Structure formats: structure tokens, C-alpha cells
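For reference, final-v6.cif (mmCIF, N, CA and C atoms):
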data_my_file
loop_
_atom_site.label_atom_id
_atom_site.label_comp_id
_atom_site.auth_asym_id
_atom_site.auth_seq_id
_atom_site.Cartn_x
_atom_site.Cartn_y
_atom_site.Cartn_z
N MET K 1 -34.35 -3.95 -22.98
CA MET K 1 -34.16 -5.13 -22.16
C MET K 1 -32.87 -5.83 -22.57
N VAL K 2 -32.12 -6.26 -21.56
CA VAL K 2 -30.84 -6.92 -21.79
C VAL K 2 -31.07 -8.40 -22.04
N SER K 3 -30.40 -8.91 -23.04
CA SER K 3 -30.53 -10.34 -23.34
C SER K 3 -29.79 -11.15 -22.28
N ALA K 4 -30.13 -12.42 -22.19
CA ALA K 4 -29.49 -13.31 -21.23
C ALA K 4 -27.99 -13.41 -21.51
N GLU K 5 -27.63 -13.46 -22.79
CA GLU K 5 -26.22 -13.56 -23.16
C GLU K 5 -25.45 -12.30 -22.73
N GLN K 6 -26.06 -11.15 -22.94
CA GLN K 6 -25.41 -9.89 -22.56
C GLN K 6 -25.28 -9.80 -21.04
N TRP K 7 -26.33 -10.19 -20.33
CA TRP K 7 -26.30 -10.17 -18.87
C TRP K 7 -25.18 -11.06 -18.36
N LEU K 8 -25.06 -12.28 -18.92
CA LEU K 8 -24.03 -13.23 -18.51
C LEU K 8 -22.64 -12.69 -18.83
N ALA K 9 -22.47 -12.08 -19.98
CA ALA K 9 -21.17 -11.51 -20.34
C ALA K 9 -20.79 -10.38 -19.38
N ASP K 10 -21.75 -9.53 -19.04
CA ASP K 10 -21.50 -8.44 -18.09
C ASP K 10 -21.14 -9.00 -16.71
N TYR K 11 -21.86 -10.02 -16.30
CA TYR K 11 -21.61 -10.66 -15.01
C TYR K 11 -20.19 -11.23 -14.96
N ARG K 12 -19.80 -11.93 -16.00
CA ARG K 12 -18.45 -12.51 -16.05
C ARG K 12 -17.39 -11.41 -16.01
N ARG K 13 -17.58 -10.35 -16.76
CA ARG K 13 -16.63 -9.24 -16.79
C ARG K 13 -16.51 -8.61 -15.40
N GLU K 14 -17.64 -8.39 -14.74
CA GLU K 14 -17.62 -7.81 -13.40
C GLU K 14 -16.97 -8.76 -12.39
N SER K 15 -17.20 -10.06 -12.55
CA SER K 15 -16.59 -11.04 -11.65
C SER K 15 -15.07 -11.06 -11.80
N VAL K 16 -14.60 -11.01 -13.04
CA VAL K 16 -13.15 -10.98 -13.29
C VAL K 16 -12.54 -9.71 -12.70
N ALA K 17 -13.21 -8.58 -12.89
CA ALA K 17 -12.71 -7.31 -12.34
C ALA K 17 -12.68 -7.35 -10.82
N ALA K 18 -13.70 -7.92 -10.20
CA ALA K 18 -13.75 -8.02 -8.74
C ALA K 18 -12.62 -8.92 -8.22
N ALA K 19 -12.38 -10.04 -8.90
CA ALA K 19 -11.30 -10.94 -8.50
C ALA K 19 -9.94 -10.25 -8.63
N HIS K 20 -9.77 -9.49 -9.70
CA HIS K 20 -8.53 -8.75 -9.91
C HIS K 20 -8.33 -7.71 -8.79
N ASP K 21 -9.38 -6.98 -8.46
CA ASP K 21 -9.30 -5.99 -7.38
C ASP K 21 -8.98 -6.64 -6.04
N ALA K 22 -9.59 -7.80 -5.78
CA ALA K 22 -9.33 -8.51 -4.52
C ALA K 22 -7.88 -8.97 -4.46
N ALA K 23 -7.35 -9.49 -5.56
CA ALA K 23 -5.96 -9.94 -5.58
C ALA K 23 -5.00 -8.77 -5.38
N ARG K 24 -5.29 -7.64 -6.00
CA ARG K 24 -4.45 -6.45 -5.84
C ARG K 24 -4.50 -5.96 -4.38
N THR K 25 -5.68 -6.01 -3.78
CA THR K 25 -5.82 -5.59 -2.39
C THR K 25 -5.04 -6.53 -1.46
N GLN K 26 -5.12 -7.83 -1.71
CA GLN K 26 -4.35 -8.79 -0.90
C GLN K 26 -2.86 -8.50 -1.00
N ALA K 27 -2.39 -8.21 -2.20
CA ALA K 27 -0.97 -7.90 -2.39
C ALA K 27 -0.58 -6.64 -1.62
N ARG K 28 -1.43 -5.63 -1.65
CA ARG K 28 -1.16 -4.40 -0.90
C ARG K 28 -1.14 -4.67 0.61
N LEU K 29 -2.06 -5.51 1.09
CA LEU K 29 -2.10 -5.82 2.52
C LEU K 29 -0.86 -6.59 2.96
N ARG K 30 -0.32 -7.44 2.09
CA ARG K 30 0.90 -8.17 2.43
C ARG K 30 2.09 -7.22 2.60
N GLN K 31 2.02 -6.05 2.01
CA GLN K 31 3.12 -5.09 2.09
C GLN K 31 2.98 -4.13 3.27
N VAL K 32 1.88 -4.20 3.99
CA VAL K 32 1.66 -3.29 5.12
C VAL K 32 2.65 -3.58 6.23
N GLY K 33 3.14 -2.53 6.82
CA GLY K 33 4.01 -2.63 7.98
C GLY K 33 4.09 -1.26 8.62
N GLY K 34 4.32 -1.23 9.90
CA GLY K 34 4.40 0.04 10.60
C GLY K 34 5.81 0.33 11.06
N HIS K 35 6.10 1.60 11.22
CA HIS K 35 7.42 2.04 11.65
C HIS K 35 7.25 3.28 12.52
N ALA K 36 7.99 3.33 13.60
CA ALA K 36 7.94 4.51 14.48
C ALA K 36 9.31 4.75 15.08
N VAL K 37 9.56 6.02 15.37
CA VAL K 37 10.81 6.45 16.00
C VAL K 37 10.46 7.28 17.22
N ALA K 38 11.11 7.00 18.34
CA ALA K 38 10.90 7.80 19.55
C ALA K 38 11.30 9.25 19.27
N PRO K 39 10.73 10.19 20.00
CA PRO K 39 10.97 11.61 19.73
C PRO K 39 12.45 12.00 19.67
N ARG K 40 13.26 11.42 20.51
CA ARG K 40 14.69 11.76 20.51
C ARG K 40 15.53 10.72 19.78
N GLY K 41 14.87 9.73 19.20
CA GLY K 41 15.56 8.77 18.35
C GLY K 41 16.21 7.58 19.03
N GLU K 42 16.05 7.41 20.33
CA GLU K 42 16.71 6.30 21.02
C GLU K 42 16.15 4.94 20.62
N VAL K 43 14.87 4.91 20.26
CA VAL K 43 14.18 3.65 19.95
C VAL K 43 13.53 3.78 18.59
N GLU K 44 13.64 2.71 17.81
CA GLU K 44 12.98 2.63 16.51
C GLU K 44 12.35 1.24 16.43
N ALA K 45 11.09 1.18 16.00
CA ALA K 45 10.37 -0.10 15.97
C ALA K 45 9.69 -0.31 14.63
N TRP K 46 9.66 -1.56 14.20
CA TRP K 46 8.96 -1.96 12.98
C TRP K 46 8.01 -3.09 13.34
N VAL K 47 6.79 -3.05 12.80
CA VAL K 47 5.81 -4.12 13.02
C VAL K 47 5.29 -4.60 11.68
N ASP K 48 4.74 -5.82 11.68
CA ASP K 48 4.16 -6.37 10.45
C ASP K 48 2.69 -5.99 10.35
N VAL K 49 2.01 -6.54 9.36
CA VAL K 49 0.60 -6.21 9.10
C VAL K 49 -0.29 -6.53 10.30
N ASN K 50 0.11 -7.49 11.11
CA ASN K 50 -0.66 -7.87 12.29
C ASN K 50 -0.28 -7.07 13.53
N GLY K 51 0.67 -6.17 13.40
CA GLY K 51 1.10 -5.37 14.54
C GLY K 51 2.15 -6.06 15.39
N VAL K 52 2.67 -7.20 14.91
CA VAL K 52 3.68 -7.95 15.65
C VAL K 52 5.05 -7.29 15.44
N LEU K 53 5.75 -7.07 16.53
CA LEU K 53 7.07 -6.45 16.47
C LEU K 53 8.01 -7.35 15.68
N GLU K 54 8.59 -6.80 14.61
CA GLU K 54 9.52 -7.55 13.77
C GLU K 54 10.97 -7.14 14.01
N ARG K 55 11.15 -5.87 14.33
CA ARG K 55 12.51 -5.36 14.48
C ARG K 55 12.49 -4.22 15.48
N LEU K 56 13.55 -4.14 16.26
CA LEU K 56 13.69 -3.08 17.25
C LEU K 56 15.13 -2.60 17.22
N ARG K 57 15.31 -1.29 17.16
CA ARG K 57 16.66 -0.73 17.17
C ARG K 57 16.78 0.23 18.34
N LEU K 58 17.82 0.03 19.13
CA LEU K 58 18.12 0.92 20.25
C LEU K 58 19.45 1.60 19.96
N THR K 59 19.50 2.91 20.10
CA THR K 59 20.75 3.63 19.88
C THR K 59 21.56 3.66 21.17
N THR K 60 22.77 4.16 21.08
CA THR K 60 23.60 4.26 22.27
C THR K 60 22.98 5.20 23.31
N GLN K 61 22.18 6.17 22.86
CA GLN K 61 21.52 7.09 23.80
C GLN K 61 20.51 6.34 24.68
N ALA K 62 20.00 5.21 24.21
CA ALA K 62 19.04 4.43 24.99
C ALA K 62 19.68 3.89 26.27
N ARG K 63 20.99 3.69 26.25
CA ARG K 63 21.69 3.16 27.43
C ARG K 63 21.65 4.13 28.60
N ALA K 64 21.47 5.40 28.32
CA ALA K 64 21.45 6.40 29.38
C ALA K 64 20.12 6.42 30.13
N LEU K 65 19.10 5.78 29.58
CA LEU K 65 17.78 5.79 30.20
C LEU K 65 17.70 4.76 31.33
N GLU K 66 16.89 5.09 32.33
CA GLU K 66 16.61 4.12 33.39
C GLU K 66 15.85 2.95 32.77
N PRO K 67 16.00 1.74 33.31
CA PRO K 67 15.33 0.58 32.71
C PRO K 67 13.82 0.74 32.53
N ASP K 68 13.13 1.26 33.54
CA ASP K 68 11.68 1.44 33.41
C ASP K 68 11.33 2.47 32.35
N ALA K 69 12.13 3.53 32.26
CA ALA K 69 11.88 4.56 31.25
C ALA K 69 12.12 3.99 29.85
N LEU K 70 13.18 3.21 29.70
CA LEU K 70 13.46 2.59 28.40
C LEU K 70 12.36 1.61 28.02
N ALA K 71 11.92 0.81 28.99
CA ALA K 71 10.84 -0.14 28.71
C ALA K 71 9.58 0.59 28.26
N GLY K 72 9.23 1.67 28.96
CA GLY K 72 8.06 2.44 28.57
C GLY K 72 8.20 3.06 27.19
N LEU K 73 9.40 3.52 26.87
CA LEU K 73 9.64 4.12 25.56
C LEU K 73 9.56 3.07 24.46
N ILE K 74 10.05 1.87 24.72
CA ILE K 74 9.94 0.78 23.74
C ILE K 74 8.48 0.45 23.48
N VAL K 75 7.70 0.31 24.55
CA VAL K 75 6.28 -0.02 24.39
C VAL K 75 5.55 1.09 23.64
N ALA K 76 5.80 2.35 24.01
CA ALA K 76 5.13 3.47 23.34
C ALA K 76 5.51 3.54 21.86
N THR K 77 6.77 3.28 21.54
CA THR K 77 7.21 3.32 20.15
C THR K 77 6.61 2.17 19.36
N ALA K 78 6.56 0.98 19.96
CA ALA K 78 5.93 -0.16 19.28
C ALA K 78 4.45 0.10 19.02
N LYS K 79 3.76 0.71 19.99
CA LYS K 79 2.35 1.04 19.79
C LYS K 79 2.17 2.06 18.67
N ALA K 80 3.08 3.02 18.58
CA ALA K 80 3.01 4.00 17.50
C ALA K 80 3.20 3.31 16.15
N ALA K 81 4.10 2.34 16.09
CA ALA K 81 4.30 1.58 14.85
C ALA K 81 3.04 0.77 14.52
N GLN K 82 2.38 0.22 15.53
CA GLN K 82 1.12 -0.50 15.30
C GLN K 82 0.05 0.43 14.75
N ARG K 83 -0.02 1.65 15.29
CA ARG K 83 -0.99 2.62 14.76
C ARG K 83 -0.69 2.95 13.30
N SER K 84 0.58 3.03 12.97
CA SER K 84 0.97 3.30 11.59
C SER K 84 0.50 2.17 10.67
N ALA K 85 0.72 0.92 11.08
CA ALA K 85 0.28 -0.22 10.27
C ALA K 85 -1.24 -0.26 10.17
N ALA K 86 -1.92 0.01 11.28
CA ALA K 86 -3.39 0.00 11.26
C ALA K 86 -3.93 1.07 10.32
N GLY K 87 -3.29 2.23 10.30
CA GLY K 87 -3.71 3.28 9.38
C GLY K 87 -3.57 2.86 7.93
N GLN K 88 -2.51 2.11 7.63
CA GLN K 88 -2.33 1.60 6.27
C GLN K 88 -3.42 0.59 5.92
N ILE K 89 -3.75 -0.27 6.88
CA ILE K 89 -4.81 -1.26 6.65
C ILE K 89 -6.13 -0.56 6.35
N ILE K 90 -6.42 0.47 7.12
CA ILE K 90 -7.66 1.23 6.89
C ILE K 90 -7.66 1.85 5.49
N GLN K 91 -6.53 2.40 5.08
CA GLN K 91 -6.46 3.03 3.76
C GLN K 91 -6.65 2.01 2.65
N VAL K 92 -5.99 0.86 2.75
CA VAL K 92 -6.13 -0.19 1.72
C VAL K 92 -7.57 -0.68 1.67
N THR K 93 -8.16 -0.90 2.84
CA THR K 93 -9.55 -1.38 2.89
C THR K 93 -10.51 -0.33 2.34
N THR K 94 -10.29 0.93 2.68
CA THR K 94 -11.14 2.00 2.16
C THR K 94 -11.05 2.06 0.64
N ASP K 95 -9.85 1.93 0.10
CA ASP K 95 -9.68 1.95 -1.35
C ASP K 95 -10.43 0.79 -2.02
N PHE K 96 -10.52 -0.35 -1.32
CA PHE K 96 -11.15 -1.54 -1.90
C PHE K 96 -12.67 -1.52 -1.75
N VAL K 97 -13.17 -1.22 -0.54
CA VAL K 97 -14.61 -1.33 -0.30
C VAL K 97 -15.30 0.00 -0.03
N GLY K 98 -14.53 1.07 0.17
CA GLY K 98 -15.13 2.36 0.48
C GLY K 98 -15.62 2.41 1.92
N GLN K 99 -16.33 3.46 2.25
CA GLN K 99 -16.90 3.62 3.59
C GLN K 99 -18.09 2.68 3.74
N GLY K 100 -18.32 2.22 4.95
CA GLY K 100 -19.49 1.38 5.18
C GLY K 100 -19.24 0.32 6.23
N ALA K 101 -20.12 -0.65 6.24
CA ALA K 101 -20.12 -1.68 7.28
C ALA K 101 -18.85 -2.52 7.26
N VAL K 102 -18.34 -2.84 6.08
CA VAL K 102 -17.13 -3.66 6.00
C VAL K 102 -15.95 -2.91 6.61
N LEU K 103 -15.80 -1.65 6.27
CA LEU K 103 -14.71 -0.85 6.83
C LEU K 103 -14.87 -0.72 8.34
N ASP K 104 -16.08 -0.52 8.81
CA ASP K 104 -16.33 -0.43 10.25
C ASP K 104 -15.93 -1.73 10.95
N LEU K 105 -16.20 -2.86 10.32
CA LEU K 105 -15.84 -4.16 10.89
C LEU K 105 -14.32 -4.30 10.96
N VAL K 106 -13.63 -3.90 9.91
CA VAL K 106 -12.17 -3.96 9.92
C VAL K 106 -11.61 -3.08 11.04
N LYS K 107 -12.12 -1.85 11.14
CA LYS K 107 -11.65 -0.94 12.19
C LYS K 107 -11.89 -1.52 13.58
N ALA K 108 -13.02 -2.18 13.77
CA ALA K 108 -13.36 -2.74 15.08
C ALA K 108 -12.41 -3.86 15.48
N HIS K 109 -11.77 -4.50 14.51
CA HIS K 109 -10.89 -5.62 14.82
C HIS K 109 -9.40 -5.27 14.77
N LEU K 110 -9.08 -4.01 14.57
CA LEU K 110 -7.68 -3.61 14.60
C LEU K 110 -7.20 -3.62 16.05
N PRO K 111 -5.94 -3.97 16.28
CA PRO K 111 -5.44 -4.09 17.65
C PRO K 111 -5.29 -2.76 18.37
N VAL K 112 -5.20 -1.65 17.64
CA VAL K 112 -5.03 -0.34 18.27
C VAL K 112 -5.94 0.67 17.61
N ALA K 113 -6.32 1.67 18.37
CA ALA K 113 -7.16 2.73 17.82
C ALA K 113 -6.32 3.60 16.90
N VAL K 114 -6.94 4.02 15.82
CA VAL K 114 -6.25 4.85 14.83
C VAL K 114 -7.09 6.08 14.56
N ASP K 115 -6.46 7.23 14.60
CA ASP K 115 -7.13 8.45 14.15
C ASP K 115 -6.85 8.55 12.67
N HIS K 116 -7.78 8.06 11.85
CA HIS K 116 -7.56 8.03 10.41
C HIS K 116 -7.82 9.41 9.83
N LYS K 117 -6.80 9.92 9.16
CA LYS K 117 -6.92 11.21 8.50
C LYS K 117 -6.92 10.98 7.00
N PRO K 118 -7.54 11.86 6.25
CA PRO K 118 -7.48 11.72 4.80
C PRO K 118 -6.02 11.71 4.34
N PRO K 119 -5.72 11.05 3.21
CA PRO K 119 -4.34 10.91 2.75
C PRO K 119 -3.60 12.24 2.60
N ASN K 120 -4.29 13.32 2.32
CA ASN K 120 -3.63 14.61 2.11
C ASN K 120 -3.51 15.44 3.38
N ALA K 121 -4.02 14.92 4.50
CA ALA K 121 -3.96 15.68 5.75
C ALA K 121 -2.51 15.77 6.21
N ARG K 122 -2.14 16.91 6.75
CA ARG K 122 -0.77 17.11 7.22
C ARG K 122 -0.75 17.12 8.74
N ARG K 123 0.29 16.55 9.30
CA ARG K 123 0.50 16.60 10.73
C ARG K 123 1.13 17.93 11.10
N PRO K 124 0.78 18.46 12.25
CA PRO K 124 1.44 19.70 12.66
C PRO K 124 2.93 19.44 12.89
N ALA K 125 3.73 20.42 12.60
CA ALA K 125 5.17 20.28 12.80
C ALA K 125 5.46 20.22 14.29
N VAL K 126 6.44 19.42 14.66
CA VAL K 126 6.85 19.31 16.05
C VAL K 126 8.16 20.06 16.19
N ASP K 127 8.13 21.17 16.91
CA ASP K 127 9.33 21.98 17.06
C ASP K 127 10.20 21.49 18.21
N ALA K 128 9.59 21.14 19.29
CA ALA K 128 10.33 20.70 20.46
C ALA K 128 9.55 19.59 21.14
N VAL K 129 10.27 18.75 21.83
CA VAL K 129 9.64 17.65 22.53
C VAL K 129 9.48 18.04 23.99
N ASP K 130 8.25 18.01 24.48
CA ASP K 130 7.96 18.30 25.87
C ASP K 130 8.39 17.09 26.69
N ASP K 131 9.22 17.31 27.72
CA ASP K 131 9.70 16.19 28.51
C ASP K 131 8.57 15.39 29.14
N ASP K 132 7.46 16.04 29.49
CA ASP K 132 6.34 15.33 30.09
C ASP K 132 5.70 14.36 29.10
N ASP K 133 5.72 14.71 27.83
CA ASP K 133 5.11 13.86 26.81
C ASP K 133 6.12 12.93 26.15
N TYR K 134 7.36 13.04 26.51
CA TYR K 134 8.43 12.33 25.83
C TYR K 134 8.20 10.83 25.73
N PHE K 135 7.82 10.19 26.82
CA PHE K 135 7.67 8.75 26.81
C PHE K 135 6.28 8.30 26.40
N GLU K 136 5.37 9.23 26.24
CA GLU K 136 3.99 8.87 25.93
C GLU K 136 3.68 8.86 24.45
N MET K 137 4.27 9.76 23.67
CA MET K 137 3.86 9.92 22.28
C MET K 137 5.03 9.98 21.30
N PRO K 138 5.71 8.87 21.04
CA PRO K 138 6.74 8.93 20.01
C PRO K 138 6.10 9.32 18.68
N ARG K 139 6.80 10.10 17.91
CA ARG K 139 6.25 10.48 16.61
C ARG K 139 6.45 9.32 15.64
N VAL K 140 5.56 9.21 14.70
CA VAL K 140 5.64 8.14 13.72
C VAL K 140 6.24 8.71 12.45
N ARG K 141 7.29 8.09 12.02
CA ARG K 141 7.88 8.44 10.73
C ARG K 141 7.86 7.18 9.88
N GLY K 142 7.50 7.30 8.67
CA GLY K 142 7.48 6.10 7.85
C GLY K 142 7.30 6.37 6.49
#
Mind turning the file's structure into C-alpha cells?
Amino acid sequence: MVSAEQWLADYRRESVAAAHDAARTQARLRQVGGHAVAPRGEVEAWVDVNGVLERLRLTTQARALEPDALAGLIVATAKAAQRSAAGQIIQVTTDFVGQGAVLDLVKAHLPVAVDHKPPNARRPAVDAVDDDDYFEMPRVRG
């Protein structure tokens, strides 16, 4: 049987460890940001932890695009950057709380759907960009 003093000491130690883990997780979440580049590189987008567009870069090749095509490419690239940030949020949360109801709640409140893959999963190599998919799926580099 554990004495009251030992129980209290264990409780305090666990509380300090939990507070330390929470602070470390908050620091990691403050560093989250997403980045995406359009398949041919005309558009590059950066978003913050909330998915808000912070920076947008257009290359000279972007000038050759029709306005509607460029607008669609900007939106698609920004969404890819949001998915990148959301994936980071899921990873940080998983590291802190593991799988379960809390993680499900976080996922439910993310602004974009994320196909979360294990950290060691590899994306298939992209050899060529299909013109039909060009404006729909910018690849995420980050």
C-alpha cells in the first residue's frame, strides 16, 4: 500500500511532467505552418497554424496564365499549404495525446481534410504533371 506522502509526491511529479509536456506541445504548435508549390512552380503559398495565408509568391511564368486559371491555381496551392499545416497539427497532437477522442476532436475542427500518413510513409514520385490535374493538385513541398 502506498502512503499518502508517496501518493502526493507521485501526483506532483506527474503534474509537473504533464505541464512540461503541454508547454512543449504549445511551443511546437506555434511553429506549425504550411507550404505548397504549384506543380510547375508558378505559385508558392505559405500559411500559418490556422491556415491563414501569410505569404504568396508568383513567378514570371504566372503572368502567362489566364486570370481564372491563375486564380484557381492560387486557391489550389493555398489549400495544399493548409493541408500541410493541418497534417503538422495532427502529428503534434498525436505525439501529445495519442490516438483517441481528443485527436478525433482536433481532426474534426481542422479547416481542411487531411490524409494523415505515418511519419515514415513516402509519397509516390511524380514524374510528369498531367495537364488535366495541373490546377487541381499542386504538390506540397515543405
- Restricting the calculation to all atoms listed in the file, which member of K:Val47, K:Val2, K:Ala101, K:Leu58 is positioned closest to Ala78 (chain K)?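 Nearest to Ala78 (chain K): K:Val47.
Taking only C-alpha atoms into account, Arg63 (chain K) lies nearest to K:Val43 out of the set K:Gln99, K:Ala80, K:Val106, K:Val43.
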- Message: Neighbouring residues of region 84-96 of chain K were defined as those with any atom within 7 Å, considering only C-alpha atoms; residues of the same chain fewer than 4 positions away were excluded. Please report them as a PyMOL selection string.
- Response: chain K and resi 25+29+32-35+49+51+80+103+107+110+114+116
Would you output that residue set with N, CA and C atoms, as an mmCIF file, keeping the file's coordinate frame?
data_model
loop_
_atom_site.group_PDB
_atom_site.id
_atom_site.type_symbol
_atom_site.label_atom_id
_atom_site.label_comp_id
_atom_site.auth_asym_id
_atom_site.auth_seq_id
_atom_site.Cartn_x
_atom_site.Cartn_y
_atom_site.Cartn_z
ATOM 1 N N THR K 25 -5.680 -6.010 -3.780
ATOM 2 C CA THR K 25 -5.820 -5.590 -2.390
ATOM 3 C C THR K 25 -5.040 -6.530 -1.460
ATOM 4 N N LEU K 29 -2.060 -5.510 1.090
ATOM 5 C CA LEU K 29 -2.100 -5.820 2.520
ATOM 6 C C LEU K 29 -0.860 -6.590 2.960
ATOM 7 N N VAL K 32 1.880 -4.200 3.990
ATOM 8 C CA VAL K 32 1.660 -3.290 5.120
ATOM 9 C C VAL K 32 2.650 -3.580 6.230
ATOM 10 N N GLY K 33 3.140 -2.530 6.820
ATOM 11 C CA GLY K 33 4.010 -2.630 7.980
ATOM 12 C C GLY K 33 4.090 -1.260 8.620
ATOM 13 N N GLY K 34 4.320 -1.230 9.900
ATOM 14 C CA GLY K 34 4.400 0.040 10.600
ATOM 15 C C GLY K 34 5.810 0.330 11.060
ATOM 16 N N HIS K 35 6.100 1.600 11.220
ATOM 17 C CA HIS K 35 7.420 2.040 11.650
ATOM 18 C C HIS K 35 7.250 3.280 12.520
ATOM 19 N N VAL K 49 2.010 -6.540 9.360
ATOM 20 C CA VAL K 49 0.600 -6.210 9.100
ATOM 21 C C VAL K 49 -0.290 -6.530 10.300
ATOM 22 N N GLY K 51 0.670 -6.170 13.400
ATOM 23 C CA GLY K 51 1.100 -5.370 14.540
ATOM 24 C C GLY K 51 2.150 -6.060 15.390
ATOM 25 N N ALA K 80 3.080 3.020 18.580
ATOM 26 C CA ALA K 80 3.010 4.000 17.500
ATOM 27 C C ALA K 80 3.200 3.310 16.150
ATOM 28 N N LEU K 103 -15.800 -1.650 6.270
ATOM 29 C CA LEU K 103 -14.710 -0.850 6.830
ATOM 30 C C LEU K 103 -14.870 -0.720 8.340
ATOM 31 N N LYS K 107 -12.120 -1.850 11.140
ATOM 32 C CA LYS K 107 -11.650 -0.940 12.190
ATOM 33 C C LYS K 107 -11.890 -1.520 13.580
ATOM 34 N N LEU K 110 -9.080 -4.010 14.570
ATOM 35 C CA LEU K 110 -7.680 -3.610 14.600
ATOM 36 C C LEU K 110 -7.200 -3.620 16.050
ATOM 37 N N VAL K 114 -6.940 4.020 15.820
ATOM 38 C CA VAL K 114 -6.250 4.850 14.830
ATOM 39 C C VAL K 114 -7.090 6.080 14.560
ATOM 40 N N HIS K 116 -7.780 8.060 11.850
ATOM 41 C CA HIS K 116 -7.560 8.030 10.410
ATOM 42 C C HIS K 116 -7.820 9.410 9.830
#
Produce the centre coordinates and the three edge lengths, each in Å to one decimal, of the box along x, y and z that contains all listed atoms of region 24-42 of chain K with 3 Å added on each side, as lines of an AutoDock Vina configuration file.
center_x = 5.4
center_y = 1.6
center_z = 7.5
size_x = 28.5
size_y = 26.8
size_z = 33.0
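Rounded to one decimal, CA of Thr60 (chain K) and atom N of Lys79 (chain K) lie 20.3 Å from each other.
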